[in-house]
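Enquirer: Sending over input_8.cif (mmCIF, C-alpha atoms).
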data_input
#
loop_
_atom_site.label_atom_id
_atom_site.label_comp_id
_atom_site.auth_asym_id
_atom_site.auth_seq_id
_atom_site.Cartn_x
_atom_site.Cartn_y
_atom_site.Cartn_z
CA MET W 1193 -20.30 21.69 -8.35
CA ALA W 1194 -19.27 22.31 -11.93
CA GLY W 1195 -21.85 22.22 -14.72
CA GLU W 1196 -22.80 19.08 -16.63
CA SER W 1197 -21.10 19.91 -19.92
CA LYS W 1198 -17.90 21.61 -18.81
CA PRO W 1199 -15.14 19.15 -17.72
CA MET W 1200 -14.62 19.16 -13.97
CA LYS W 1201 -11.10 19.44 -12.65
CA LEU W 1202 -9.87 17.09 -9.98
CA MET W 1203 -6.51 17.33 -8.29
CA TYR W 1204 -4.70 14.00 -8.43
CA TYR W 1205 -2.00 12.44 -6.26
CA PRO W 1206 -0.55 9.41 -8.12
CA GLY W 1207 2.07 8.15 -5.62
CA CYS W 1208 5.41 6.49 -6.33
CA THR W 1209 4.34 3.09 -7.59
CA LEU W 1210 1.88 4.48 -10.14
CA LYS W 1211 4.87 6.17 -11.77
CA ASN W 1212 6.91 2.96 -11.72
CA HIS W 1213 5.65 -0.62 -11.68
CA ALA W 1214 1.96 0.37 -11.75
CA ARG W 1215 1.93 2.77 -14.71
CA ASN W 1216 -1.08 0.78 -15.93
CA PHE W 1217 -2.98 2.10 -12.87
CA ASP W 1218 -1.89 5.69 -13.56
CA VAL W 1219 -2.71 5.84 -17.29
CA SER W 1220 -6.02 4.00 -16.88
CA THR W 1221 -7.03 6.39 -14.08
CA VAL W 1222 -6.38 9.49 -16.17
CA SER W 1223 -7.88 8.07 -19.40
CA SER W 1224 -11.06 6.68 -17.86
CA MET W 1225 -11.73 9.86 -15.88
CA ALA W 1226 -11.42 11.91 -19.10
CA GLU W 1227 -14.27 9.78 -20.49
CA LEU W 1228 -16.33 10.84 -17.47
CA ASP W 1229 -15.61 14.52 -18.29
CA VAL W 1230 -13.29 14.86 -15.33
CA GLU W 1231 -9.93 16.42 -16.03
CA VAL W 1232 -7.52 14.78 -13.66
CA GLU W 1233 -4.78 17.23 -12.84
CA GLU W 1234 -1.64 15.79 -11.28
CA MET W 1235 -0.27 17.86 -8.42
CA ALA W 1236 2.65 20.04 -9.52
CA ARG W 1237 4.66 18.94 -6.48
CA TRP W 1238 4.18 15.80 -4.46
CA ASN W 1239 6.32 13.51 -2.34
CA CYS W 1240 6.06 10.07 -0.74
CA CYS W 1241 2.79 9.60 1.17
CA GLY W 1242 4.68 7.91 4.01
CA THR W 1243 3.52 4.47 2.77
CA VAL W 1244 2.57 3.06 6.17
CA HIS W 1245 0.85 4.88 9.03
CA ALA W 1246 3.00 4.85 12.18
CA LEU W 1247 0.89 3.54 15.07
CA ALA W 1248 2.69 5.05 18.08
CA SER W 1249 0.31 7.34 19.98
CA ASP W 1250 2.78 10.24 20.07
CA ASP W 1251 4.21 9.91 16.56
CA ILE W 1252 4.95 13.16 14.74
CA MET W 1253 7.94 12.47 12.51
CA HIS W 1254 6.15 10.04 10.22
CA ARG W 1255 3.27 12.48 9.70
CA VAL W 1256 5.56 15.04 8.03
CA ALA W 1257 5.57 13.33 4.60
CA PRO W 1258 1.79 12.96 4.28
CA VAL W 1259 1.05 16.41 5.73
CA THR W 1260 3.51 18.01 3.29
CA ASN W 1261 1.35 16.65 0.46
CA LEU W 1262 -1.78 18.09 2.06
CA LEU W 1263 -0.02 21.44 2.26
CA ARG W 1264 0.90 21.23 -1.46
CA VAL W 1265 -2.80 20.74 -2.27
CA LYS W 1266 -3.65 23.81 -0.22
CA GLU W 1267 -0.88 25.79 -1.96
CA ALA W 1268 -2.59 25.00 -5.26
CA ASN W 1269 -5.78 26.60 -3.88
CA ALA W 1270 -7.62 23.28 -3.76
CA SER W 1271 -9.61 21.98 -0.81
CA GLU W 1272 -9.62 18.33 -1.86
CA PHE W 1273 -7.73 15.85 -3.98
CA MET W 1274 -8.07 12.29 -5.21
CA THR W 1275 -5.77 9.31 -5.22
CA SER W 1276 -6.53 5.90 -6.74
CA CYS W 1277 -3.83 4.04 -4.76
CA ALA W 1278 -5.39 2.43 -1.68
CA MET W 1279 -2.16 2.66 0.28
CA CYS W 1280 -1.61 6.37 -0.41
CA TYR W 1281 -5.27 7.02 0.37
CA ASN W 1282 -5.05 5.21 3.70
CA THR W 1283 -1.81 6.86 4.83
CA LEU W 1284 -2.78 10.39 3.74
CA LYS W 1285 -6.26 10.15 5.23
CA ARG W 1286 -5.11 8.73 8.56
CA ALA W 1287 -2.43 11.42 8.89
CA ASN W 1288 -5.10 14.03 8.11
CA ILE W 1289 -7.49 12.65 10.74
CA ASP W 1290 -4.66 12.47 13.28
CA VAL W 1291 -3.41 16.05 12.86
CA ARG W 1292 -6.98 17.39 12.84
CA LYS W 1293 -7.36 15.83 16.30
CA ARG W 1294 -3.88 16.61 17.68
CA ALA W 1295 -3.30 20.34 17.48
CA SER W 1296 0.11 20.10 19.14
CA ALA W 1297 1.35 17.57 16.57
CA LEU W 1298 0.13 19.77 13.72
CA GLU W 1299 1.85 22.78 15.25
CA SER W 1300 5.15 20.87 15.46
CA ILE W 1301 4.85 19.76 11.83
CA ASN W 1302 4.08 23.31 10.68
CA LYS W 1303 7.12 24.55 12.60
CA PHE W 1304 9.23 21.91 10.88
CA MET W 1305 7.97 23.14 7.50
CA TYR W 1306 8.94 26.72 8.30
CA LEU W 1307 10.17 27.36 4.74
CA ASP W 1308 6.63 27.09 3.41
CA LYS W 1309 4.71 30.34 3.29
CA ILE W 1310 1.39 28.89 4.39
CA LYS W 1311 0.50 26.56 7.23
CA TYR W 1312 -1.54 23.39 7.05
CA GLU W 1313 -4.67 23.71 9.17
CA GLY W 1314 -6.44 20.44 8.47
CA ASP W 1315 -8.33 22.14 5.66
CA VAL W 1316 -7.86 19.64 2.81
CA ASP W 1317 -9.97 16.53 2.21
CA VAL W 1318 -8.51 13.24 0.96
CA LEU W 1319 -10.70 11.29 -1.48
CA HIS W 1320 -10.30 7.85 -2.95
CA LEU W 1321 -11.26 7.49 -6.60
CA LEU W 1322 -13.90 4.82 -5.85
CA GLU W 1323 -15.54 7.14 -3.33
CA TYR W 1324 -15.46 9.96 -5.90
CA LEU W 1325 -17.05 7.74 -8.57
CA ARG W 1326 -19.83 6.59 -6.24
CA ASP W 1327 -20.62 9.88 -4.48
CA ARG W 1328 -19.75 12.62 -6.97
CA ILE W 1329 -20.21 11.03 -10.40
CA GLY W 1330 -22.79 8.38 -9.48
CA PHE W 1331 -22.88 4.88 -10.94
CA ASP W 1332 -25.98 5.70 -13.03
CA LYS W 1333 -24.16 8.49 -14.84
CA LEU W 1334 -21.08 6.29 -15.13
CA ALA W 1335 -23.14 3.47 -16.68
CA ALA W 1336 -24.36 5.89 -19.38
CA LYS W 1337 -20.76 6.36 -20.55
CA VAL W 1338 -20.15 2.65 -21.17
CA LYS W 1339 -19.45 1.93 -24.85
CA LYS W 1340 -18.35 -1.67 -24.52
CA PRO W 1341 -20.26 -3.37 -21.67
CA LEU W 1342 -18.27 -6.06 -19.88
CA ALA W 1343 -21.01 -8.57 -20.70
CA GLY W 1344 -20.44 -11.99 -19.21
CA LEU W 1345 -17.20 -10.99 -17.48
CA ARG W 1346 -17.09 -12.52 -14.00
CA VAL W 1347 -15.17 -10.23 -11.66
CA ALA W 1348 -13.98 -10.86 -8.08
CA CYS W 1349 -13.52 -7.50 -6.31
CA TYR W 1350 -10.63 -7.50 -3.87
CA TYR W 1351 -10.48 -4.68 -1.31
CA GLY W 1352 -7.68 -5.90 0.94
CA CYS W 1353 -7.12 -3.87 4.09
CA LEU W 1354 -6.56 -0.27 3.19
CA LEU W 1355 -9.93 0.77 1.78
CA VAL W 1356 -11.91 -0.62 4.70
CA ARG W 1357 -9.72 -0.44 7.80
CA PRO W 1358 -9.54 1.38 10.15
CA LYS W 1359 -13.19 2.46 10.21
CA GLU W 1360 -12.23 6.16 10.35
CA VAL W 1361 -10.95 5.99 6.77
CA ALA W 1362 -13.41 3.43 5.39
CA PHE W 1363 -16.01 4.61 2.89
CA ASP W 1364 -17.75 1.24 2.83
CA ASP W 1365 -18.59 -1.68 5.12
CA ALA W 1366 -15.51 -3.21 6.78
CA GLU W 1367 -16.57 -6.84 6.36
CA ASN W 1368 -18.61 -6.78 3.16
CA PRO W 1369 -17.86 -3.70 1.06
CA THR W 1370 -19.76 -3.43 -2.24
CA VAL W 1371 -18.58 -0.22 -3.95
CA MET W 1372 -16.40 -2.08 -6.49
CA GLU W 1373 -19.16 -4.64 -7.17
CA ASN W 1374 -21.53 -1.77 -7.92
CA LEU W 1375 -18.94 -0.29 -10.26
CA VAL W 1376 -18.60 -3.63 -12.06
CA VAL W 1377 -22.40 -3.83 -12.47
CA ALA W 1378 -22.42 -0.27 -13.87
CA LEU W 1379 -19.78 -1.36 -16.39
CA GLY W 1380 -21.99 -4.26 -17.47
CA GLY W 1381 -19.97 -7.00 -15.77
CA THR W 1382 -20.93 -9.65 -13.24
CA PRO W 1383 -19.44 -9.43 -9.74
CA VAL W 1384 -19.02 -12.81 -8.05
CA PRO W 1385 -19.34 -13.49 -4.30
CA PHE W 1386 -15.84 -13.36 -2.84
CA ALA W 1387 -15.23 -14.58 0.72
CA GLN W 1388 -11.60 -13.37 0.77
CA LYS W 1389 -12.32 -9.84 -0.44
CA THR W 1390 -11.05 -8.09 2.71
CA GLU W 1391 -8.38 -10.60 3.74
CA CYS W 1392 -4.84 -9.20 3.84
CA CYS W 1393 -2.50 -10.22 0.97
CA GLY W 1394 0.54 -10.19 3.27
CA ALA W 1395 1.66 -6.75 2.12
CA TYR W 1396 5.39 -6.00 2.50
CA HIS W 1397 6.29 -9.57 3.51
CA THR W 1398 6.77 -9.93 -0.24
CA VAL W 1399 10.24 -8.45 0.38
CA GLY W 1400 11.59 -10.70 3.13
CA ASN W 1401 9.09 -13.59 3.41
CA PRO W 1402 7.66 -14.31 -0.05
CA GLU W 1403 6.53 -17.76 1.16
CA ILE W 1404 3.89 -16.00 3.29
CA ILE W 1405 2.64 -14.18 0.18
CA ALA W 1406 2.51 -17.45 -1.76
CA ASP W 1407 0.21 -18.85 0.94
CA ARG W 1408 -2.00 -15.72 0.96
CA THR W 1409 -2.14 -15.58 -2.85
CA ASP W 1410 -3.11 -19.26 -2.99
CA LYS W 1411 -6.01 -18.70 -0.56
CA ILE W 1412 -7.25 -15.41 -2.01
CA MET W 1413 -6.98 -16.26 -5.71
CA GLY W 1414 -8.19 -19.81 -4.99
CA SER W 1415 -11.36 -18.36 -3.46
CA ALA W 1416 -11.93 -16.22 -6.58
CA HIS W 1417 -11.39 -19.25 -8.81
CA GLU W 1418 -13.92 -21.28 -6.81
CA GLU W 1419 -16.50 -18.64 -7.70
CA GLN W 1420 -15.54 -19.05 -11.39
CA ALA W 1421 -14.16 -15.52 -11.59
CA ASP W 1422 -12.44 -14.57 -14.85
CA LEU W 1423 -10.23 -12.08 -13.08
CA VAL W 1424 -9.68 -10.16 -9.83
CA VAL W 1425 -9.79 -6.36 -9.59
CA VAL W 1426 -7.84 -4.37 -7.01
CA SER W 1427 -7.11 -0.80 -5.96
CA CYS W 1428 -3.69 -1.27 -4.36
CA PRO W 1429 -0.42 -1.68 -6.29
CA LEU W 1430 1.07 -3.79 -3.48
CA CYS W 1431 -1.91 -6.19 -3.52
CA ALA W 1432 -1.67 -6.22 -7.32
CA PHE W 1433 2.00 -7.15 -7.21
CA ASN W 1434 1.48 -9.87 -4.62
CA LEU W 1435 -1.62 -11.43 -6.18
CA ASP W 1436 -0.25 -11.23 -9.74
CA PHE W 1437 3.52 -11.68 -9.53
CA ARG W 1438 3.51 -14.19 -6.67
CA GLN W 1439 1.19 -16.62 -8.50
CA ALA W 1440 4.27 -18.55 -9.63
CA ASP W 1441 5.17 -19.11 -5.96
CA ALA W 1442 1.54 -20.05 -5.18
CA LYS W 1443 1.65 -22.62 -7.96
CA ARG W 1444 4.83 -24.14 -6.48
CA LEU W 1445 3.11 -24.28 -3.08
CA ASN W 1446 -0.10 -25.74 -4.45
CA PRO W 1447 0.08 -27.56 -7.81
CA GLU W 1448 -3.74 -27.27 -8.07
CA PHE W 1449 -3.46 -23.47 -8.12
CA HIS W 1450 -5.24 -21.87 -11.06
CA HIS W 1451 -3.77 -18.69 -12.59
CA LEU W 1452 -6.09 -15.68 -12.84
CA PRO W 1453 -5.25 -12.19 -14.13
CA VAL W 1454 -5.30 -9.23 -11.71
CA LEU W 1455 -6.48 -5.85 -13.01
CA TYR W 1456 -6.96 -2.41 -11.51
CA PHE W 1457 -10.59 -1.28 -11.40
CA THR W 1458 -9.56 1.69 -13.56
CA GLN W 1459 -8.44 -0.70 -16.32
CA LEU W 1460 -11.94 -2.21 -16.35
CA MET W 1461 -13.36 1.31 -16.70
CA ALA W 1462 -10.93 2.16 -19.52
CA LEU W 1463 -11.93 -1.07 -21.25
CA ALA W 1464 -15.67 -0.44 -20.90
CA PHE W 1465 -15.37 3.22 -21.92
CA GLY W 1466 -13.56 2.18 -25.10
CA CYS W 1467 -10.29 3.95 -24.24
CA ASP W 1468 -7.25 3.36 -26.42
CA GLU W 1469 -5.29 0.19 -25.67
CA SER W 1470 -2.37 2.36 -24.55
CA ALA W 1471 -4.52 3.19 -21.48
CA LEU W 1472 -4.53 -0.47 -20.42
CA ARG W 1473 -0.80 -1.32 -20.45
CA PHE W 1474 -1.40 -5.07 -20.17
CA ASP W 1475 2.31 -5.49 -20.96
CA LEU W 1476 3.02 -4.72 -17.29
CA HIS W 1477 1.06 -7.74 -16.03
CA HIS W 1478 2.61 -11.00 -14.95
CA ILE W 1479 -0.50 -13.04 -15.78
CA ASP W 1480 -1.69 -11.82 -19.18
CA PRO W 1481 -5.35 -10.63 -19.06
CA LEU W 1482 -5.80 -10.87 -22.86
CA PRO W 1483 -6.89 -14.54 -23.09
CA VAL W 1484 -9.81 -14.21 -20.64
CA LEU W 1485 -10.87 -10.87 -22.13
CA ALA W 1486 -10.68 -12.34 -25.64
CA ALA W 1487 -12.73 -15.33 -24.49
CA ARG W 1488 -15.46 -12.90 -23.39
CA GLY W 1489 -15.20 -11.03 -26.69
CA LEU W 1490 -13.87 -7.88 -24.99
CA MET W 1491 -10.51 -7.74 -26.77
CA GLY W 1492 -9.22 -9.01 -30.09
CA PRO W 1493 -7.69 -12.51 -30.07
CA ALA W 1494 -4.53 -12.55 -27.97
CA MET F 495 -0.98 -23.97 51.74
CA ALA F 496 -1.49 -20.56 53.26
CA ILE F 497 -4.08 -18.45 51.56
CA THR F 498 -2.91 -14.89 51.09
CA THR F 499 -5.59 -12.28 50.83
CA SER F 500 -3.72 -9.47 49.24
CA PRO F 501 -5.95 -6.48 48.55
CA THR F 502 -3.96 -5.84 45.40
CA THR F 503 -4.82 -7.84 42.30
CA MET F 504 -3.27 -7.40 38.87
CA ARG F 505 -6.37 -5.50 37.78
CA ASN F 506 -6.21 -2.86 40.48
CA SER F 507 -2.48 -2.67 41.04
CA PRO F 508 -0.91 0.60 40.01
CA LEU F 509 0.99 0.54 36.73
CA GLN F 510 4.39 0.95 38.33
CA LYS F 511 3.87 -2.31 40.23
CA ARG F 512 3.35 -4.18 36.97
CA GLY F 513 6.64 -2.80 35.89
CA PRO F 514 7.84 -0.06 33.62
CA PHE F 515 7.56 -2.42 30.62
CA VAL F 516 3.77 -2.62 30.83
CA ALA F 517 3.48 1.11 31.40
CA ARG F 518 5.70 1.78 28.40
CA VAL F 519 3.74 -0.50 26.07
CA GLU F 520 0.47 1.12 27.16
CA LYS F 521 1.88 4.61 26.67
CA ILE F 522 3.40 4.05 23.22
CA ALA F 523 0.37 2.13 21.97
CA GLY F 524 -2.16 4.39 23.68
CA GLN F 525 -4.07 1.26 24.75
CA LYS F 526 -5.18 -0.32 28.04
CA LEU F 527 -3.75 -3.83 28.14
CA LEU F 528 -6.06 -4.99 30.92
CA ALA F 529 -9.14 -4.24 28.86
CA CYS F 530 -8.47 -7.55 27.05
CA TYR F 531 -10.49 -10.50 28.41
CA GLN F 532 -8.85 -13.05 26.09
CA CYS F 533 -11.81 -13.91 23.86
CA GLY F 534 -9.40 -14.78 21.05
CA LYS F 535 -11.32 -13.04 18.29
CA CYS F 536 -8.15 -11.24 17.15
CA SER F 537 -6.29 -14.52 16.64
CA ALA F 538 -9.31 -16.17 15.00
CA GLY F 539 -9.43 -13.55 12.27
CA CYS F 540 -5.70 -12.88 11.91
CA PRO F 541 -4.57 -13.69 8.34
CA MET F 542 -1.00 -14.09 9.60
CA ALA F 543 -1.80 -16.38 12.57
CA ALA F 544 -0.66 -19.50 10.69
CA HIS F 545 2.80 -17.96 10.43
CA MET F 546 3.08 -16.76 14.05
CA ASP F 547 4.90 -18.42 16.97
CA VAL F 548 2.73 -16.50 19.48
CA LEU F 549 -0.86 -15.61 18.54
CA PRO F 550 -2.19 -12.04 18.85
CA ASN F 551 -4.29 -12.75 21.98
CA GLN F 552 -1.26 -14.48 23.52
CA ILE F 553 0.88 -11.43 22.74
CA ILE F 554 -1.60 -9.31 24.71
CA ARG F 555 -1.58 -11.81 27.60
CA LEU F 556 2.22 -11.88 27.75
CA ALA F 557 2.23 -8.07 27.66
CA GLN F 558 -0.34 -7.92 30.51
CA LEU F 559 1.97 -10.11 32.56
CA GLY F 560 5.01 -8.00 31.71
CA MET F 561 6.85 -10.87 30.01
CA GLN F 562 9.19 -8.64 28.08
CA GLU F 563 11.92 -11.17 27.22
CA ARG F 564 9.43 -13.65 25.75
CA LEU F 565 7.81 -10.96 23.62
CA MET F 566 11.02 -9.39 22.39
CA ALA F 567 12.25 -12.84 21.29
CA SER F 568 9.04 -13.74 19.43
CA SER F 569 8.95 -13.70 15.63
CA ALA F 570 5.21 -12.95 15.66
CA ILE F 571 5.69 -9.26 16.45
CA TRP F 572 7.44 -9.03 13.06
CA THR F 573 4.87 -11.18 11.26
CA CYS F 574 1.99 -8.75 11.95
CA VAL F 575 1.57 -6.40 8.96
CA SER F 576 -0.97 -4.07 10.65
CA CYS F 577 -3.85 -5.16 8.41
CA LEU F 578 -6.08 -4.13 11.35
CA THR F 579 -8.52 -7.04 11.09
CA CYS F 580 -7.99 -7.60 14.85
CA ASN F 581 -8.60 -3.93 15.66
CA SER F 582 -11.77 -3.82 13.64
CA ARG F 583 -13.23 -6.96 15.27
CA CYS F 584 -12.13 -6.57 18.92
CA PRO F 585 -15.29 -6.43 21.08
CA LYS F 586 -13.41 -4.31 23.64
CA GLY F 587 -12.14 -1.82 21.08
CA ILE F 588 -8.50 -2.61 21.81
CA ARG F 589 -6.11 -1.71 19.02
CA ILE F 590 -3.98 -4.84 19.02
CA ALA F 591 -1.92 -3.75 16.00
CA GLU F 592 -0.87 -0.64 17.94
CA ILE F 593 0.33 -2.83 20.81
CA ILE F 594 2.34 -5.04 18.44
CA GLU F 595 3.84 -1.97 16.76
CA ALA F 596 4.86 -0.65 20.19
CA LEU F 597 6.64 -3.97 20.84
CA ARG F 598 8.43 -3.77 17.46
CA GLY F 599 9.50 -0.23 18.21
CA MET F 600 10.79 -1.29 21.62
CA ALA F 601 12.72 -4.23 20.12
CA ILE F 602 14.47 -1.89 17.71
CA GLY F 603 14.69 0.99 20.19
CA LEU F 604 16.16 -1.15 22.95
CA ARG F 605 18.84 -2.33 20.52
CA ARG F 606 18.27 -5.84 21.75
CA ARG F 607 18.80 -6.98 18.22
CA ASP F 608 19.49 -5.46 14.85
CA ASP F 609 16.95 -4.33 12.29
CA HIS F 610 14.64 -7.15 11.35
CA LEU F 611 15.20 -6.74 7.62
CA ASP F 612 18.60 -6.42 5.96
CA ILE F 613 18.31 -5.23 2.38
CA ARG F 614 21.63 -6.92 1.59
CA ASP F 615 19.88 -10.27 2.07
CA ILE F 616 17.56 -9.49 -0.87
CA SER F 617 19.08 -10.43 -4.22
CA LEU F 618 19.68 -7.71 -6.78
CA GLU F 619 17.31 -9.48 -9.14
CA THR F 620 14.50 -9.49 -6.56
CA ARG F 621 15.15 -5.85 -5.68
CA GLY F 622 14.70 -4.95 -9.34
CA VAL F 623 11.33 -6.70 -9.50
CA LEU F 624 9.85 -5.36 -6.25
CA PRO F 625 7.73 -2.19 -6.57
CA PRO F 626 8.76 0.83 -4.45
CA ILE F 627 5.58 0.49 -2.34
CA ALA F 628 6.84 -2.94 -1.14
CA LEU F 629 10.41 -1.88 -0.39
CA ILE F 630 9.44 1.33 1.42
CA SER F 631 6.76 -0.28 3.59
CA ALA F 632 9.04 -3.20 4.51
CA MET F 633 11.87 -0.86 5.49
CA ARG F 634 9.50 1.42 7.40
CA LYS F 635 8.04 -1.44 9.43
CA GLN F 636 11.08 -3.62 10.01
CA THR F 637 14.06 -1.31 10.39
CA SER F 638 14.94 1.48 12.80
#
As a first step, turn the structure in this file into structure tokens.
Expert:
Amino acid sequence: MAGESKPMKLMYYPGCTLKNHARNFDVSTVSSMAELDVEVEEMARWNCCGTVHALASDDIMHRVAPVTNLLRVKEANASEFMTSCAMCYNTLKRANIDVRKRASALESINKFMYLDKIKYEGDVDVLHLLEYLRDRIGFDKLAAKVKKPLAGLRVACYYGCLLVRPKEVAFDDAENPTVMENLVVALGGTPVPFAQKTECCGAYHTVGNPEIIADRTDKIMGSAHEEQADLVVVSCPLCAFNLDFRQADAKRLNPEFHHLPVLYFTQLMALAFGCDESALRFDLHHIDPLPVLAARGLMGPA
Amino acid sequence: MAITTSPTTMRNSPLQKRGPFVARVEKIAGQKLLACYQCGKCSAGCPMAAHMDVLPNQIIRLAQLGMQERLMASSAIWTCVSCLTCNSRCPKGIRIAEIIEALRGMAIGLRRRDDHLDIRDISLETRGVLPPIALISAMRKQTS
């Protein structure tokens, strides 16, 4: 591993939504990692991760998109890369596991990518940023970089599906993961118990059946509110959209619904590391996080 | 009533006797349908169960029995979002989400009905608000 003083380089796959609706996730990832002396280097070429993992036992076609990204990492002479998007992580890692096991599928994909000079041989590792923070940086070292501890901030950590299921891709317990809680503690905040932390948000039903998302958002955010959470942190831009943007629908469904802001865990890091406000991009949020952060003395008055 | 003592039960009958439908589901999903003993744990934990016309354990039962028409007509196979809570909790290690995805694929593949999602039904305003991750995953899961 690289020395203590010299910045480490880490190849980074942002994914489509971090360059669109979730630019707050992208800029807070890059800025907070710089504070940890890690130079996040976006891949020169990347394409869609595939978004969802096709479940048919003989599927090959839908592995082409994720495997192409793995090949691009290898082309850049890297053996691993990081993504902070839970959905990209899940799709890329599952495709990687699948082609490592199915030599014939990998051979077909390599034949399809005949214009590329090198072949993918299962020789790239997919890392999620939370896993990298816990296992490579360490929460003790991370805690030493905190300039503005999140004192008194009550945080509900929402994992959803993609960080913990299936077990082949999980880097924490499937039913009661704690990696984000440990991160929050390292940042000086207070994680709250959260019964709904691995319950699905309804995912893409937000397109055709938003009433399902309203129901899920009501249950999940309601559970966080019952634990007196100030906010909910997530690692998936689809969960973030559903739990943040669909709160208006949840309120229509349940007049007792209490609005809570939804942040990416990287925004909490950027806040605690004293990054510039441009790294937070709170303007992209539906429910404004400023009032609760101001109430805890973590931001100027809204 | 005459008691028939057939040596062949559903459990030991060859796949072809349970029909090509069952064999096809098992092949696409890579799962053994008869491994399910109907404990119901999948339905108990399913976050979408409240929105389903047929529960996950019932989907498996209908599939075991080869009830293709009933399954293809159900809305539940489209309600499942592959969150994998069922897979992770099944005591028999059955991947229920894979079975449901096989049924979705067959519904589209058999051209028994059109794609489940028509982007033209989504207003321009809504399309502008939705992040790409939502649109792509919905199209990937619900259209051919």
Enquirer: Name the residues captured by the PyMOL selection byres ((chain F) within 10 of (chain W)) when it is applied to the shown file; answer as a PyMOL selection string.
Expert: chain F and resi 519-525+539-542+544-545+572-579+581-583+589+591-596+599+610-613+615-616+620-621+623-636
Enquirer: Near stretch 553-570 of chain F, within 7 Å and counting only C-alpha atoms, which residues show up once chain neighbours fewer than 5 positions away are dropped, as a tab-separated table (two decimals) with C-alpha atoms, keeping the file's coordinate frame?
Expert:
chain	number	residue	atom	x	y	z
F	512	ARG	CA	3.35	-4.18	36.97
F	513	GLY	CA	6.64	-2.80	35.89
F	515	PHE	CA	7.56	-2.42	30.62
F	516	VAL	CA	3.77	-2.62	30.83
F	527	LEU	CA	-3.75	-3.83	28.14
F	528	LEU	CA	-6.06	-4.99	30.92
F	546	MET	CA	3.08	-16.76	14.05
F	547	ASP	CA	4.90	-18.42	16.97
F	548	VAL	CA	2.73	-16.50	19.48
F	601	ALA	CA	12.72	-4.23	20.12
Enquirer: Could you tell me which of F:Ile590, F:Leu597, F:Ala538, F:Ile602 comes closest to F:Lys526 if we count only C-alpha atoms?
Expert: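 Nearest candidate to F:Lys526 out of F:Ile590, F:Leu597, F:Ala538, F:Ile602: F:Ile590.
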Enquirer: Given all atoms listed in the file as the basis, pick out the residue of W:Asp1332, W:Asp1327, W:Asp1317, W:Glu1233 nearest to W:Ser1271.
Expert: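 Of the candidates, the smallest distance to W:Ser1271 is held by W:Asp1317.
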Enquirer: Can you tell me, as a list of chain:residue names, what residues are no more than 8 Å from W:Leu1202 when counting all atoms listed in the file, ignoring any on the same chain fewer than 4 positions away?
Expert: W:Val1230, W:Glu1231, W:Val1232, W:Glu1233, W:Phe1273, W:Met1274
Enquirer: Keeping only C-alpha atoms, write the selected residues to a file as a JSON list (two decimals), in the frame of the given file.
Expert:
[["chain", "number", "residue", "atom", "x", "y", "z"],
["W", 1230, "VAL", "CA", -13.29, 14.86, -15.33],
["W", 1231, "GLU", "CA", -9.93, 16.42, -16.03],
["W", 1232, "VAL", "CA", -7.52, 14.78, -13.66],
["W", 1233, "GLU", "CA", -4.78, 17.23, -12.84],
["W", 1273, "PHE", "CA", -7.73, 15.85, -3.98],
["W", 1274, "MET", "CA", -8.07, 12.29, -5.21]]
Enquirer: What do you get, as a list in words, if you spell out every residue that the PyMOL selection byres ((chain W and resi 1448-1451) around 10) selects here?
Expert: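 Selected by the PyMOL selection byres ((chain W and resi 1448-1451) around 10) in this file: Thr1409, Asp1410, Lys1411, Met1413, Gly1414, Ala1416, His1417, Glu1418, Asp1422, Leu1423, Leu1435, Asp1436, Gln1439, Ala1440, Asp1441, Ala1442, Lys1443, Arg1444, Leu1445, Asn1446, Pro1447, Leu1452, Pro1453, Val1454, Ile1479 and Asp1480 of chain W.
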Enquirer: Could you check how far atom CA of W:Tyr1324 sits from atom CA of W:Thr1275, in Å to one decimal?
Expert: 9.7 Å
Enquirer: Between atom CA of W:Gly1466 and atom CA of W:Lys1340, what is the spacing in Å?
Expert: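 Distance reported for this atom pair: 6.2 Å.
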Enquirer: Report as number ranges by chain the full result of the PyMOL selection byres ((chain W and resi 1284) around 9) when it is applied to this structure.
Expert: W: 1241-1243, 1245, 1255, 1257-1259, 1261-1262, 1279-1283, 1285-1289, 1318
Enquirer: Of the candidates W:Val1265, W:Ala1387, W:Ala1336, W:Leu1355, which shows the shortest atom-to-atom distance to W:Gly1314, using only C-alpha atoms?
Expert: W:Val1265
Enquirer: What does the distance from atom CA of W:Trp1238 to atom CA of W:Asp1308 come to in Å, to one decimal?
Expert: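 If I compute the distance from atom CA of W:Trp1238 to atom CA of W:Asp1308, I get 14.0 Å.
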Enquirer: Write out as a short mmCIF file (atom, residue, chain, number, x, y, z; two decimals) with C-alpha atoms, in the coordinates of the input the residues lying within 9 Å of W:Lys1389, counting all atoms listed in the file and excluding same-chain residues fewer than 4 positions away.
Expert:
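Contents of result25.cif, freshly written:
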data_model
loop_
_atom_site.label_atom_id
_atom_site.label_comp_id
_atom_site.auth_asym_id
_atom_site.auth_seq_id
_atom_site.Cartn_x
_atom_site.Cartn_y
_atom_site.Cartn_z
CA ALA W 1348 -13.98 -10.86 -8.08
CA CYS W 1349 -13.52 -7.50 -6.31
CA TYR W 1350 -10.63 -7.50 -3.87
CA TYR W 1351 -10.48 -4.68 -1.31
CA GLY W 1352 -7.68 -5.90 0.94
CA GLU W 1367 -16.57 -6.84 6.36
CA ASN W 1368 -18.61 -6.78 3.16
CA PRO W 1369 -17.86 -3.70 1.06
CA PRO W 1385 -19.34 -13.49 -4.30
CA ILE W 1412 -7.25 -15.41 -2.01
CA ALA W 1416 -11.93 -16.22 -6.58
#
